[in-house]
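Colleague: My structure is stored as entry28.cif, with mmCIF, C-alpha atoms and all ligand atoms.
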data_upload
loop_
_atom_site.label_atom_id
_atom_site.label_comp_id
_atom_site.auth_asym_id
_atom_site.auth_seq_id
_atom_site.Cartn_x
_atom_site.Cartn_y
_atom_site.Cartn_z
CA MET A 1309 4.38 -6.03 -11.89
CA ASP A 1310 5.08 -9.63 -12.89
CA VAL A 1311 4.10 -11.30 -9.64
CA LYS A 1312 4.19 -14.78 -11.14
CA ARG A 1313 7.85 -14.30 -11.94
CA ILE A 1314 8.60 -12.61 -8.64
CA ARG A 1315 7.15 -15.57 -6.73
CA LYS A 1316 9.77 -17.85 -8.30
CA ASP A 1317 12.38 -15.92 -6.31
CA PHE A 1318 10.77 -17.03 -3.03
CA PRO A 1319 11.14 -20.80 -2.53
CA ILE A 1320 9.02 -20.90 0.63
CA LEU A 1321 5.95 -19.60 -1.20
CA SER A 1322 5.56 -22.93 -2.98
CA ILE A 1323 5.33 -25.12 0.12
CA LYS A 1324 2.07 -26.96 0.91
CA VAL A 1325 0.18 -26.57 4.16
CA LYS A 1326 -2.27 -29.37 4.96
CA GLY A 1327 -2.32 -30.29 1.29
CA ASN A 1328 -3.06 -26.72 0.15
CA ASP A 1329 -0.86 -24.11 -1.45
CA LEU A 1330 0.46 -21.78 1.22
CA VAL A 1331 -1.25 -18.39 1.27
CA TYR A 1332 1.11 -16.29 3.37
CA PHE A 1333 -0.76 -13.29 4.76
CA ASP A 1334 1.35 -12.67 7.87
CA ASN A 1335 3.78 -10.20 6.36
CA GLY A 1336 3.15 -7.67 9.10
CA ALA A 1337 4.83 -10.12 11.48
CA THR A 1338 7.68 -11.11 9.21
CA THR A 1339 8.36 -11.45 5.48
CA GLN A 1340 9.82 -14.24 3.36
CA LYS A 1341 13.24 -14.15 1.76
CA PRO A 1342 14.15 -14.17 -1.93
CA LEU A 1343 16.96 -16.40 -3.20
CA SER A 1344 19.21 -13.38 -3.68
CA VAL A 1345 19.07 -12.65 0.07
CA ILE A 1346 19.54 -16.30 1.01
CA LYS A 1347 22.51 -16.52 -1.39
CA ALA A 1348 24.09 -13.26 -0.22
CA VAL A 1349 24.24 -14.61 3.35
CA GLU A 1350 25.65 -17.91 2.06
CA HIS A 1351 28.26 -16.05 0.02
CA TYR A 1352 29.24 -13.96 3.02
CA ASN A 1353 29.71 -17.02 5.22
CA GLU A 1354 31.53 -19.00 2.55
CA ASN A 1355 33.92 -16.23 1.50
CA LEU A 1356 34.00 -13.09 3.62
CA ASN A 1357 33.31 -13.82 7.29
CA GLY A 1358 35.51 -12.24 9.94
CA ASN A 1359 35.14 -9.82 12.84
CA PRO A 1360 34.85 -6.37 11.26
CA HIS A 1361 36.84 -3.30 12.29
CA ARG A 1362 39.32 -5.43 14.24
CA GLY A 1363 41.77 -7.36 12.16
CA ALA A 1364 44.25 -6.18 9.58
CA HIS A 1365 44.03 -9.62 7.98
CA TYR A 1366 42.14 -10.37 4.79
CA LEU A 1367 38.84 -11.53 6.34
CA GLY A 1368 38.86 -8.66 8.82
CA VAL A 1369 38.89 -6.35 5.81
CA THR A 1370 36.30 -8.25 3.72
CA SER A 1371 33.82 -8.42 6.61
CA THR A 1372 34.33 -4.70 7.31
CA GLU A 1373 33.64 -3.92 3.66
CA ALA A 1374 30.53 -6.11 3.68
CA TYR A 1375 29.22 -4.49 6.87
CA GLU A 1376 29.97 -0.90 5.88
CA GLY A 1377 28.70 -1.54 2.37
CA ALA A 1378 25.36 -2.56 3.85
CA ARG A 1379 25.29 0.59 5.97
CA GLU A 1380 25.77 2.72 2.86
CA LYS A 1381 22.90 0.88 1.13
CA VAL A 1382 20.63 1.62 4.09
CA ARG A 1383 21.67 5.28 4.04
CA ALA A 1384 20.80 5.65 0.37
CA PHE A 1385 17.57 3.62 0.76
CA ILE A 1386 16.09 5.94 3.38
CA GLY A 1387 17.65 9.17 2.09
CA ALA A 1388 19.85 9.92 5.09
CA GLU A 1389 22.61 12.46 4.64
CA LYS A 1390 25.50 10.53 6.20
CA SER A 1391 26.13 6.82 6.75
CA SER A 1392 27.42 7.69 10.26
CA GLU A 1393 23.77 8.49 11.07
CA ILE A 1394 22.83 4.83 10.46
CA ILE A 1395 23.18 2.63 13.55
CA PHE A 1396 22.66 -1.12 13.25
CA THR A 1397 20.57 -2.66 16.03
CA ARG A 1398 18.75 -5.96 16.47
CA ASN A 1399 15.31 -4.65 15.49
CA THR A 1400 12.81 -1.79 15.81
CA THR A 1401 12.32 -2.62 19.47
CA GLU A 1402 15.99 -2.19 20.29
CA SER A 1403 16.19 1.02 18.24
CA LEU A 1404 13.31 2.56 20.18
CA ASN A 1405 14.78 1.45 23.50
CA LEU A 1406 18.12 2.95 22.52
CA ILE A 1407 16.46 6.33 21.95
CA ALA A 1408 14.47 6.08 25.19
CA TYR A 1409 17.47 5.10 27.34
CA SER A 1410 20.02 7.35 25.73
CA TYR A 1411 17.98 10.41 24.69
CA GLY A 1412 14.90 10.05 26.90
CA LEU A 1413 16.61 9.47 30.23
CA ASN A 1414 19.09 12.28 29.59
CA PHE A 1415 17.01 15.01 27.99
CA VAL A 1416 13.45 14.57 29.27
CA ASN A 1417 12.73 16.35 32.54
CA LYS A 1418 10.07 16.38 35.23
CA GLY A 1419 6.76 17.66 33.90
CA ASP A 1420 7.75 17.29 30.23
CA GLU A 1421 5.29 15.52 27.98
CA ILE A 1422 5.82 12.57 25.66
CA VAL A 1423 3.14 12.14 22.98
CA ILE A 1424 2.46 8.87 21.15
CA ALA A 1425 -0.51 7.40 19.27
CA ILE A 1426 -2.94 4.98 20.91
CA SER A 1427 -2.22 2.53 18.08
CA GLU A 1428 1.49 2.19 18.84
CA HIS A 1429 3.11 -1.21 19.02
CA HIS A 1430 4.16 -2.04 22.61
CA SER A 1431 7.76 -1.39 21.56
CA ASN A 1432 6.83 2.27 21.11
CA ILE A 1433 4.90 2.41 24.40
CA LEU A 1434 6.89 0.59 27.07
CA PRO A 1435 10.15 2.54 26.62
CA TRP A 1436 8.20 5.81 27.04
CA GLN A 1437 6.34 4.52 30.07
CA MET A 1438 9.77 3.80 31.55
CA VAL A 1439 11.10 7.29 30.74
CA ALA A 1440 7.94 8.92 32.11
CA ARG A 1441 8.17 6.88 35.33
CA VAL A 1442 11.88 7.53 35.93
CA LYS A 1443 11.87 11.21 34.95
CA GLY A 1444 8.45 12.24 36.26
CA ALA A 1445 7.25 13.07 32.74
CA VAL A 1446 3.70 12.68 31.41
CA LEU A 1447 2.81 10.18 28.68
CA LYS A 1448 -0.05 11.42 26.46
CA TYR A 1449 -1.92 9.71 23.64
CA MET A 1450 -3.27 10.85 20.28
CA TYR A 1451 -6.45 8.88 19.62
CA THR A 1452 -7.66 7.46 16.34
CA ASN A 1453 -11.19 8.36 15.16
CA GLU A 1454 -13.88 5.90 13.93
CA GLU A 1455 -12.09 5.68 10.59
CA GLY A 1456 -8.82 4.74 12.29
CA ARG A 1457 -7.20 8.07 11.47
CA ILE A 1458 -5.51 10.75 13.60
CA THR A 1459 -6.95 14.11 12.66
CA GLU A 1460 -5.07 17.38 12.53
CA GLU A 1461 -7.27 18.63 15.33
CA GLU A 1462 -6.29 15.63 17.45
CA TYR A 1463 -2.52 15.92 17.08
CA LYS A 1464 -2.61 19.70 17.46
CA SER A 1465 -4.52 19.36 20.70
CA LYS A 1466 -2.03 16.85 22.16
CA ILE A 1467 1.31 18.30 21.01
CA THR A 1468 1.94 21.46 23.02
CA ASP A 1469 4.77 23.67 24.26
CA LYS A 1470 5.29 21.12 27.03
CA THR A 1471 5.92 18.28 24.58
CA LYS A 1472 9.49 17.02 24.55
CA ILE A 1473 9.08 13.90 22.41
CA VAL A 1474 6.56 12.83 19.76
CA SER A 1475 6.86 9.21 18.65
CA ILE A 1476 4.53 7.67 16.07
CA ALA A 1477 4.39 4.77 13.63
CA GLN A 1478 4.18 5.76 9.98
CA VAL A 1479 1.83 2.83 9.34
CA SER A 1480 -0.20 1.12 12.08
CA ASN A 1481 0.47 -2.62 12.36
CA VAL A 1482 -3.18 -3.22 13.27
CA LEU A 1483 -5.29 -0.64 11.43
CA GLY A 1484 -2.96 -0.26 8.46
CA THR A 1485 -3.50 3.50 8.59
CA LYS A 1486 -0.82 5.65 7.01
CA TYR A 1487 -0.57 8.57 9.41
CA PRO A 1488 0.35 12.08 8.23
CA VAL A 1489 3.77 11.80 9.85
CA LYS A 1490 5.39 14.56 7.82
CA ASP A 1491 2.79 17.05 9.12
CA ILE A 1492 3.08 15.67 12.65
CA VAL A 1493 6.89 15.95 12.61
CA LYS A 1494 6.60 19.54 11.35
CA TYR A 1495 4.15 20.45 14.09
CA ALA A 1496 6.29 18.71 16.74
CA HIS A 1497 9.25 20.82 15.63
CA GLU A 1498 7.18 24.00 15.76
CA LYS A 1499 6.48 23.17 19.39
CA GLY A 1500 10.13 22.45 20.10
CA ALA A 1501 9.75 18.67 20.42
CA VAL A 1502 11.92 15.90 19.06
CA ALA A 1503 10.19 13.62 16.51
CA ILE A 1504 10.58 9.86 16.19
CA VAL A 1505 8.98 7.81 13.40
CA ASP A 1506 8.55 4.04 13.68
CA GLY A 1507 8.95 2.79 10.14
CA ALA A 1508 8.59 -0.95 10.87
CA GLN A 1509 5.44 -1.22 8.72
CA SER A 1510 6.22 1.50 6.19
CA THR A 1511 9.85 1.05 5.10
CA PRO A 1512 9.20 -2.36 3.46
CA HIS A 1513 6.18 -1.09 1.50
CA MET A 1514 6.67 2.52 0.40
CA LYS A 1515 9.42 4.97 -0.47
CA VAL A 1516 10.77 6.46 2.73
CA ASP A 1517 12.86 9.62 2.75
CA VAL A 1518 14.01 10.67 6.20
CA SER A 1519 15.37 13.97 4.88
CA ASP A 1520 12.01 14.86 3.36
CA LEU A 1521 10.18 13.76 6.53
CA ASP A 1522 12.70 15.81 8.51
CA THR A 1523 12.27 13.37 11.39
CA ASP A 1524 14.94 13.39 14.10
CA PHE A 1525 14.91 9.60 14.46
CA PHE A 1526 13.60 6.80 12.26
CA VAL A 1527 13.58 3.07 13.10
CA PHE A 1528 12.78 -0.20 11.33
CA SER A 1529 13.47 -3.97 11.24
CA GLY A 1530 15.17 -5.98 8.49
CA HIS A 1531 13.00 -9.07 8.85
CA LYS A 1532 9.86 -7.19 7.78
CA MET A 1533 11.52 -6.27 4.47
CA LEU A 1534 12.93 -9.59 3.17
CA ALA A 1535 16.09 -9.67 5.34
CA SER A 1536 17.09 -11.93 8.23
CA MET A 1537 15.81 -11.59 11.77
CA GLY A 1538 18.16 -9.90 14.22
CA ILE A 1539 19.09 -6.84 12.16
CA GLY A 1540 17.41 -3.47 12.63
CA VAL A 1541 18.17 0.17 12.00
CA LEU A 1542 18.19 3.38 13.96
CA TYR A 1543 18.58 6.54 11.92
CA GLY A 1544 19.28 9.65 13.96
CA LYS A 1545 20.22 13.18 12.98
CA GLU A 1546 23.89 13.66 13.73
CA LYS A 1547 23.31 16.58 16.09
CA PHE A 1548 21.26 14.33 18.41
CA LEU A 1549 23.48 11.26 18.14
CA LEU A 1550 26.52 13.37 19.03
CA GLU A 1551 25.01 14.63 22.26
CA MET A 1552 23.56 11.27 23.33
CA PRO A 1553 25.61 8.97 25.61
CA PRO A 1554 26.19 5.35 24.55
CA PHE A 1555 23.39 2.87 25.26
CA LEU A 1556 25.64 -0.15 25.85
CA GLY A 1557 29.29 -0.22 26.86
CA GLY A 1558 31.91 -2.71 25.68
CA GLY A 1559 34.14 -3.57 22.78
CA ASP A 1560 34.33 -1.56 19.58
CA MET A 1561 32.50 1.50 20.92
CA ILE A 1562 35.41 3.14 22.74
CA GLU A 1563 38.23 5.46 21.82
CA TYR A 1564 40.31 5.06 24.98
CA VAL A 1565 39.74 3.29 28.31
CA THR A 1566 41.46 3.97 31.63
CA GLU A 1567 40.84 2.30 35.01
CA GLN A 1568 38.05 4.70 35.92
CA ASP A 1569 36.95 6.29 32.69
CA ALA A 1570 36.50 5.98 28.96
CA THR A 1571 36.07 8.10 25.87
CA PHE A 1572 33.92 6.89 23.04
CA ALA A 1573 34.35 6.03 19.39
CA GLU A 1574 32.97 8.31 16.71
CA LEU A 1575 29.54 7.78 15.12
CA PRO A 1576 28.09 5.30 14.38
CA PHE A 1577 30.40 2.99 16.36
CA LYS A 1578 29.62 4.68 19.70
CA PHE A 1579 26.25 2.92 19.55
CA GLU A 1580 27.43 -0.47 18.27
CA ALA A 1581 28.97 -2.22 21.27
CA GLY A 1582 30.31 -5.73 20.86
CA THR A 1583 30.46 -7.99 17.82
CA GLN A 1584 27.70 -7.06 15.42
CA ASN A 1585 25.33 -9.08 13.24
CA VAL A 1586 27.32 -8.72 10.03
CA GLU A 1587 25.51 -11.44 8.11
CA GLY A 1588 22.25 -9.76 9.11
CA ALA A 1589 23.51 -6.47 7.71
CA VAL A 1590 24.57 -8.27 4.52
CA SER A 1591 21.09 -9.77 4.22
CA LEU A 1592 19.57 -6.30 4.66
CA GLY A 1593 21.83 -4.90 1.94
CA ALA A 1594 20.74 -7.69 -0.42
CA ALA A 1595 17.08 -7.12 0.51
CA ILE A 1596 17.43 -3.43 -0.34
CA ASP A 1597 18.94 -4.34 -3.72
CA TYR A 1598 16.00 -6.64 -4.38
CA LEU A 1599 13.38 -4.05 -3.37
CA ASN A 1600 15.10 -1.40 -5.50
CA SER A 1601 15.09 -3.75 -8.48
CA ILE A 1602 11.28 -3.81 -8.30
CA GLY A 1603 10.77 -0.23 -7.13
CA LEU A 1604 9.06 0.92 -3.95
CA ASP A 1605 6.57 3.05 -5.88
CA LYS A 1606 5.41 -0.01 -7.83
CA ILE A 1607 5.25 -2.07 -4.64
CA GLU A 1608 3.12 0.53 -2.91
CA ALA A 1609 0.76 0.92 -5.87
CA TYR A 1610 0.31 -2.85 -6.30
CA GLU A 1611 -0.32 -3.40 -2.59
CA GLU A 1612 -2.90 -0.62 -2.60
CA GLU A 1613 -4.79 -2.34 -5.46
CA LEU A 1614 -4.57 -5.68 -3.71
CA THR A 1615 -5.83 -4.19 -0.46
CA GLU A 1616 -8.72 -2.41 -2.19
CA TYR A 1617 -9.72 -5.71 -3.79
CA ALA A 1618 -9.55 -7.56 -0.46
CA LEU A 1619 -11.45 -4.82 1.40
CA LYS A 1620 -14.29 -4.95 -1.14
CA LYS A 1621 -14.55 -8.72 -0.91
CA ILE A 1622 -14.36 -8.85 2.87
CA SER A 1623 -16.96 -6.11 3.32
CA ASP A 1624 -19.44 -8.25 1.34
CA ILE A 1625 -19.42 -10.75 4.22
CA ASP A 1626 -21.95 -9.29 6.64
CA TYR A 1627 -20.72 -11.14 9.74
CA VAL A 1628 -17.16 -9.82 9.42
CA THR A 1629 -16.13 -6.53 11.08
CA VAL A 1630 -13.10 -4.67 9.71
CA TYR A 1631 -11.11 -2.26 11.92
CA GLY A 1632 -9.36 0.79 10.49
CA PRO A 1633 -9.86 2.56 7.15
CA LYS A 1634 -12.36 0.84 4.83
CA SER A 1635 -10.64 2.10 1.71
CA ALA A 1636 -7.04 1.36 0.67
CA LYS A 1637 -6.28 5.03 0.11
CA ASN A 1638 -3.69 6.09 2.69
CA LYS A 1639 -3.73 2.59 4.10
CA GLY A 1640 -1.05 -0.09 3.98
CA GLY A 1641 -1.75 -3.72 3.10
CA ILE A 1642 -3.05 -4.66 6.53
CA ILE A 1643 -6.62 -5.72 7.30
CA SER A 1644 -7.65 -6.48 10.87
CA PHE A 1645 -11.03 -8.08 11.35
CA ASN A 1646 -13.28 -10.22 13.52
CA VAL A 1647 -15.80 -12.88 12.57
CA LYS A 1648 -19.02 -12.64 14.55
CA ASP A 1649 -19.15 -15.08 17.49
CA VAL A 1650 -15.76 -16.62 16.66
CA HIS A 1651 -12.56 -16.04 18.62
CA PRO A 1652 -9.73 -14.74 16.40
CA HIS A 1653 -7.52 -17.69 17.40
CA ASP A 1654 -10.21 -20.04 16.07
CA VAL A 1655 -10.41 -17.98 12.87
CA ALA A 1656 -6.64 -18.30 12.35
CA THR A 1657 -6.67 -22.02 13.16
CA ILE A 1658 -9.51 -22.74 10.76
CA LEU A 1659 -7.93 -20.64 7.99
CA ASN A 1660 -4.72 -22.63 8.51
CA ASN A 1661 -6.64 -25.74 7.46
CA TYR A 1662 -6.96 -24.08 4.04
CA GLY A 1663 -3.27 -23.17 3.97
CA VAL A 1664 -4.01 -19.52 4.78
CA ALA A 1665 -1.63 -17.91 7.30
CA VAL A 1666 -3.07 -14.93 9.22
CA ARG A 1667 -2.19 -13.62 12.65
CA SER A 1668 -4.55 -13.43 15.59
CA GLY A 1669 -4.29 -11.82 19.01
CA HIS A 1670 -3.69 -8.31 20.30
CA HIS A 1671 -0.81 -7.66 17.85
CA CYS A 1672 1.30 -6.12 20.64
CA ALA A 1673 -1.14 -3.20 20.72
CA GLN A 1674 -3.28 -3.75 23.82
CA PRO A 1675 -4.09 -0.05 24.43
CA LEU A 1676 -5.47 0.09 20.86
CA MET A 1677 -7.53 -3.07 21.45
CA LYS A 1678 -9.06 -1.38 24.51
CA HIS A 1679 -9.71 1.79 22.48
CA LEU A 1680 -11.47 -0.32 19.82
CA GLY A 1681 -13.46 -2.14 22.52
CA ILE A 1682 -12.15 -5.58 21.58
CA GLN A 1683 -9.81 -8.16 23.13
CA ALA A 1684 -8.19 -9.34 19.95
CA SER A 1685 -8.55 -9.55 16.17
CA SER A 1686 -7.36 -11.53 13.18
CA ARG A 1687 -5.03 -9.77 10.77
CA ALA A 1688 -4.23 -10.41 7.11
CA SER A 1689 -1.18 -8.51 5.91
CA PHE A 1690 0.07 -8.51 2.33
CA TYR A 1691 3.31 -8.07 0.46
CA PHE A 1692 4.11 -7.55 -3.21
CA TYR A 1693 4.45 -11.30 -3.79
CA ASN A 1694 0.81 -11.92 -2.88
CA THR A 1695 -1.84 -12.31 -5.57
CA TYR A 1696 -5.53 -11.70 -6.28
CA GLU A 1697 -6.04 -15.49 -6.46
CA GLU A 1698 -4.67 -15.79 -2.94
CA ILE A 1699 -7.16 -13.20 -1.74
CA ASP A 1700 -9.96 -15.20 -3.38
CA LYS A 1701 -8.77 -18.33 -1.54
CA PHE A 1702 -8.63 -16.42 1.73
CA ILE A 1703 -12.16 -15.05 1.26
CA GLU A 1704 -13.55 -18.50 0.38
CA ALA A 1705 -11.86 -19.98 3.46
CA LEU A 1706 -13.18 -17.11 5.59
CA LYS A 1707 -16.71 -17.85 4.43
CA ASN A 1708 -16.31 -21.38 5.82
CA VAL A 1709 -15.13 -20.30 9.28
CA ARG A 1710 -18.57 -20.10 10.91
CA LYS A 1711 -19.65 -23.39 9.31
CA TRP A 1712 -16.70 -25.19 10.94
CA LEU A 1713 -18.11 -24.17 14.29
CA GLY A 1714 -21.62 -25.25 13.47
CA TYR A 1715 -23.14 -21.82 12.85
CA GLY A 1716 -25.55 -21.63 9.97
CA ARG A 1717 -26.21 -25.39 9.89
CA SER A 1718 -29.34 -25.40 12.00
N1 LIG A 1801 6.54 -1.25 15.47
C1 LIG A 1801 5.65 -1.72 14.61
C2 LIG A 1801 4.69 -0.76 13.96
C3 LIG A 1801 5.58 -3.09 14.33
O1 LIG A 1801 4.67 -3.56 13.47
C4 LIG A 1801 6.51 -3.96 14.95
C5 LIG A 1801 6.48 -5.45 14.68
N2 LIG A 1801 5.20 -6.02 14.70
C6 LIG A 1801 7.44 -3.42 15.82
C7 LIG A 1801 7.43 -2.07 16.06
C8 LIG A 1801 8.46 -4.26 16.51
O2 LIG A 1801 9.31 -4.84 15.57
P1 LIG A 1801 10.41 -5.90 16.04
O3 LIG A 1801 9.67 -7.01 16.72
O4 LIG A 1801 11.06 -6.32 14.78
O5 LIG A 1801 11.32 -5.20 16.98
#
What is this file in structure tokens?
Ligand code: PMP
Modeller:
Amino acid sequence: MDVKRIRKDFPILSIKVKGNDLVYFDNGATTQKPLSVIKAVEHYNENLNGNPHRGAHYLGVTSTEAYEGAREKVRAFIGAEKSSEIIFTRNTTESLNLIAYSYGLNFVNKGDEIVIAISEHHSNILPWQMVARVKGAVLKYMYTNEEGRITEEEYKSKITDKTKIVSIAQVSNVLGTKYPVKDIVKYAHEKGAVAIVDGAQSTPHMKVDVSDLDTDFFVFSGHKMLASMGIGVLYGKEKFLLEMPPFLGGGDMIEYVTEQDATFAELPFKFEAGTQNVEGAVSLGAAIDYLNSIGLDKIEAYEEELTEYALKKISDIDYVTVYGPKSAKNKGGIISFNVKDVHPHDVATILNNYGVAVRSGHHCAQPLMKHLGIQASSRASFYFYNTYEEIDKFIEALKNVRKWLGYGRS
């Protein structure tokens, strides 16, 4: 992969931070945009903008084509059967809430069990806590082992005949672990449960095929895969989407409205109430084109090499603790760590002085923090535009963190 050339497509990667070249290692939070995505949004706003599905006039048609064209790109990108199974949302969080409110509140009953992993992002915890509370269901957790993995024994002991829903991230946003979601979905189905996969940290970095996974629902966010913020995706198998009631009511999602009642539009419009984020969808379509032009297999392989390199270097520093798998095999490009005696916020602030951007905090995964016995961590997360040289800069800066605070001087 010609990363040097690729980096030219991303103007923001050449900015300076405190006199240093930016080293952007916060891709788990959000990714940067290539010129083709920036330009696609500009082109849409300069030439095509209108309210889709509404007007017979020229711009009503061009915006509809742009929006529906993006939906078709998403369908092909994740291997869904029909584009009517692709619902645009704001983000992963909204997609998960849509499933919880529409499917969870209507199909989960008292005493049913909902099973999630301890490493879930809060957006895959809070909606299920709500469903469990309202419906009198039980929320159960699959725990990660010392390596940051969920074993077969663990998921088979938690998913039972009582399980109604299993919801799990394909890649943990803290540990980086790639979970065996295909096996988990299969087992969930054997037990009669519905399976949901959170692809927020996988879809941008590896080939996803929802048909092969056979998952009932799949969710992800555009902004973590080169597109704008405010556009997300919910994939659902048609048979579930058809039986689910709308999540929000309003314009564009109805068939017919009377004083006391309404019938709803066909899929996917039943779940897209009000004016949608068309330029966001356009940006996602352009992002998909860009990712396809490189190839998800190449992206995954390169990120694995990069992560292996970083893991080796970081493990040479004896006062740094790494959480999650210590090898890049079956791990995404995410490394969470702590520096002995230094708060993660201080680590991130000091690294920023070297131009290195990492995240610090609980990463919206407080139950996992508790499970790991920590309050917070720092997190470096990579994308295909990152380089080995950047990892070297990060490691050198990391070696200076304790010195900044006076450790090792006396
Ligand atoms: N799930 C996972 C695994 C994530 O990493 C994130 C974002 N950190 C989310 C869900 C939520 O994504 P968003 O904020 O785009 O809704």
Colleague: Could the residues that lie within 9 Å of ligand LIG 1801 (chain A), counting only C-alpha atoms and all ligand atoms, be listed as a PyMOL selection string?
Modeller: chain A and resi 1336-1338+1398-1404+1427-1432+1476-1482+1506-1510+1527-1532+1537-1540+1671-1672
Colleague: List as JSON, numbers by chain the protein and nucleic acid residues near Lys1578 in chain A, meaning an atom at most 7 Å away when only C-alpha atoms are counted, but skip any in the same chain fewer than 6 places from it.
Modeller: {"A": [1554, 1561, 1562, 1572]}
Colleague: Which value, in Å to one decimal, gives the distance between CA of Asp1649 in chain A and CA of His1670 in chain A?
Modeller: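 Interatomic distance here is 17.1 Å.
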Colleague: Please identify all polymer residues within 10 Å of Gln1584 in chain A, counting all atoms listed in the file, omitting same-chain residues fewer than 4 positions from it, and present them as a ChimeraX atom specification.
Modeller: /A:1359-1360,1375,1396-1398,1539,1560,1580,1588-1589
Colleague: Within 9 Å of (27.3, 10.8, 20.0), all atoms listed in the file: residues as an NGL selection string?
Modeller: :A and (1546-1554 or 1572-1576 or 1578-1579)
Colleague: Between A:Thr1571, A:Val1647, A:Ala1388, A:Thr1459, which is the closest to Lys1711 in chain A once you count only C-alpha atoms?
Modeller: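 Using only C-alpha atoms, the shortest distance to Lys1711 in chain A belongs to A:Val1647.
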Colleague: If the box runs along x, y and z of the file and leaves 6 Å on each side of range 1643-1662 of chain A, what are its centre and edge lengths in Å, one decimal, as AutoDock Vina command-line options?
Modeller:
--center_x -11.9 --center_y -15.7 --center_z 11.3 --size_x 26.4 --size_y 32.0 --size_z 26.6
Colleague: State, in Å with one decimal place, the distance from CA of Ala1688 in chain A to CA of Thr1511 in chain A.
Modeller: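 Answer for the CA of Ala1688 in chain A to CA of Thr1511 in chain A separation: 18.3 Å.
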Colleague: Under the rule that all atoms listed in the file are counted, which of A:Leu1413, A:Ile1394, A:Thr1471, A:Ile1426 is the nearest residue to Lys1443 in chain A?
Modeller: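 Checking each candidate against Lys1443 in chain A, we get A:Leu1413 as the closest.
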Colleague: Quick one: residues within 9 Å of Lys1470 in chain A, all atoms listed in the file counted, chain neighbours fewer than 3 positions away excluded, as a ChimeraX atom specification?
Modeller: /A:1419-1422,1467,1499-1501
Colleague: Could you tell me which of A:Gln1340, A:Ser1475, A:Ser1601, A:Ser1391 comes closest to Ile1407 in chain A if we count all atoms listed in the file?
Modeller: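 Looking only at the distances to Ile1407 in chain A, the closest residue turns out to be A:Ser1475.
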Colleague: So what do you get for CA of Ala1581 in chain A versus CA of Ile1395 in chain A, distance-wise?
Modeller: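 Between CA of Ala1581 in chain A and CA of Ile1395 in chain A the gap works out to 10.8 Å.
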Colleague: Looking at A:Ala1378, A:Val1345, A:Leu1706, A:Leu1676, which one is nearest to Asp1626 in chain A, with distances taken over all atoms listed in the file?
Modeller: A:Leu1706
Colleague: For Lys1326 in chain A, work out the shell of residues within 9 Å, counting all atoms listed in the file and skipping chain neighbours fewer than 4 positions away, then give it as number ranges by chain.
Modeller: A: 1330, 1660-1663
Colleague: Using only C-alpha atoms, pick whichever of A:Ile1320, A:Met1514, A:Val1493, A:Ile1699 has the shortest atom-to-atom distance to Tyr1617 in chain A.
Modeller: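 Comparing A:Ile1320, A:Met1514, A:Val1493, A:Ile1699 against Tyr1617 in chain A, the winner is A:Ile1699.
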Colleague: I want to know what sits within 7 Å of Leu1604 in chain A, based on only C-alpha atoms, with residues of the same chain fewer than 2 positions away left out; could you give that as a list in words?
Modeller: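 Final neighbour list, sorted by chain and number: His1513, Met1514, Lys1515, Leu1599, Asn1600, Ile1602, Lys1606, Ile1607 and Glu1608 of chain A.
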Colleague: Would you mind putting back N, CA and C atoms on range 1406-1415 of chain A, then writing it out as a tab-separated table (two decimals), keeping the file's coordinate frame?
Modeller:
chain	number	residue	atom	x	y	z
A	1406	LEU	N	16.88	2.17	22.53
A	1406	LEU	CA	18.12	2.95	22.52
A	1406	LEU	C	17.80	4.44	22.64
A	1407	ILE	N	16.81	4.90	21.89
A	1407	ILE	CA	16.46	6.33	21.95
A	1407	ILE	C	15.93	6.68	23.34
A	1408	ALA	N	15.07	5.79	23.87
A	1408	ALA	CA	14.47	6.08	25.19
A	1408	ALA	C	15.54	6.13	26.28
A	1409	TYR	N	16.45	5.15	26.28
A	1409	TYR	CA	17.47	5.10	27.34
A	1409	TYR	C	18.51	6.21	27.16
A	1410	SER	N	18.92	6.42	25.93
A	1410	SER	CA	20.02	7.35	25.73
A	1410	SER	C	19.52	8.80	25.62
A	1411	TYR	N	18.49	9.03	24.81
A	1411	TYR	CA	17.98	10.41	24.69
A	1411	TYR	C	16.97	10.70	25.81
A	1412	GLY	N	15.99	9.81	25.95
A	1412	GLY	CA	14.90	10.05	26.90
A	1412	GLY	C	15.38	10.28	28.32
A	1413	LEU	N	16.19	9.36	28.82
A	1413	LEU	CA	16.61	9.47	30.23
A	1413	LEU	C	17.53	10.66	30.47
A	1414	ASN	N	18.15	11.17	29.42
A	1414	ASN	CA	19.09	12.28	29.59
A	1414	ASN	C	18.53	13.66	29.24
A	1415	PHE	N	17.48	13.70	28.44
A	1415	PHE	CA	17.01	15.01	27.99
A	1415	PHE	C	15.55	15.30	28.33
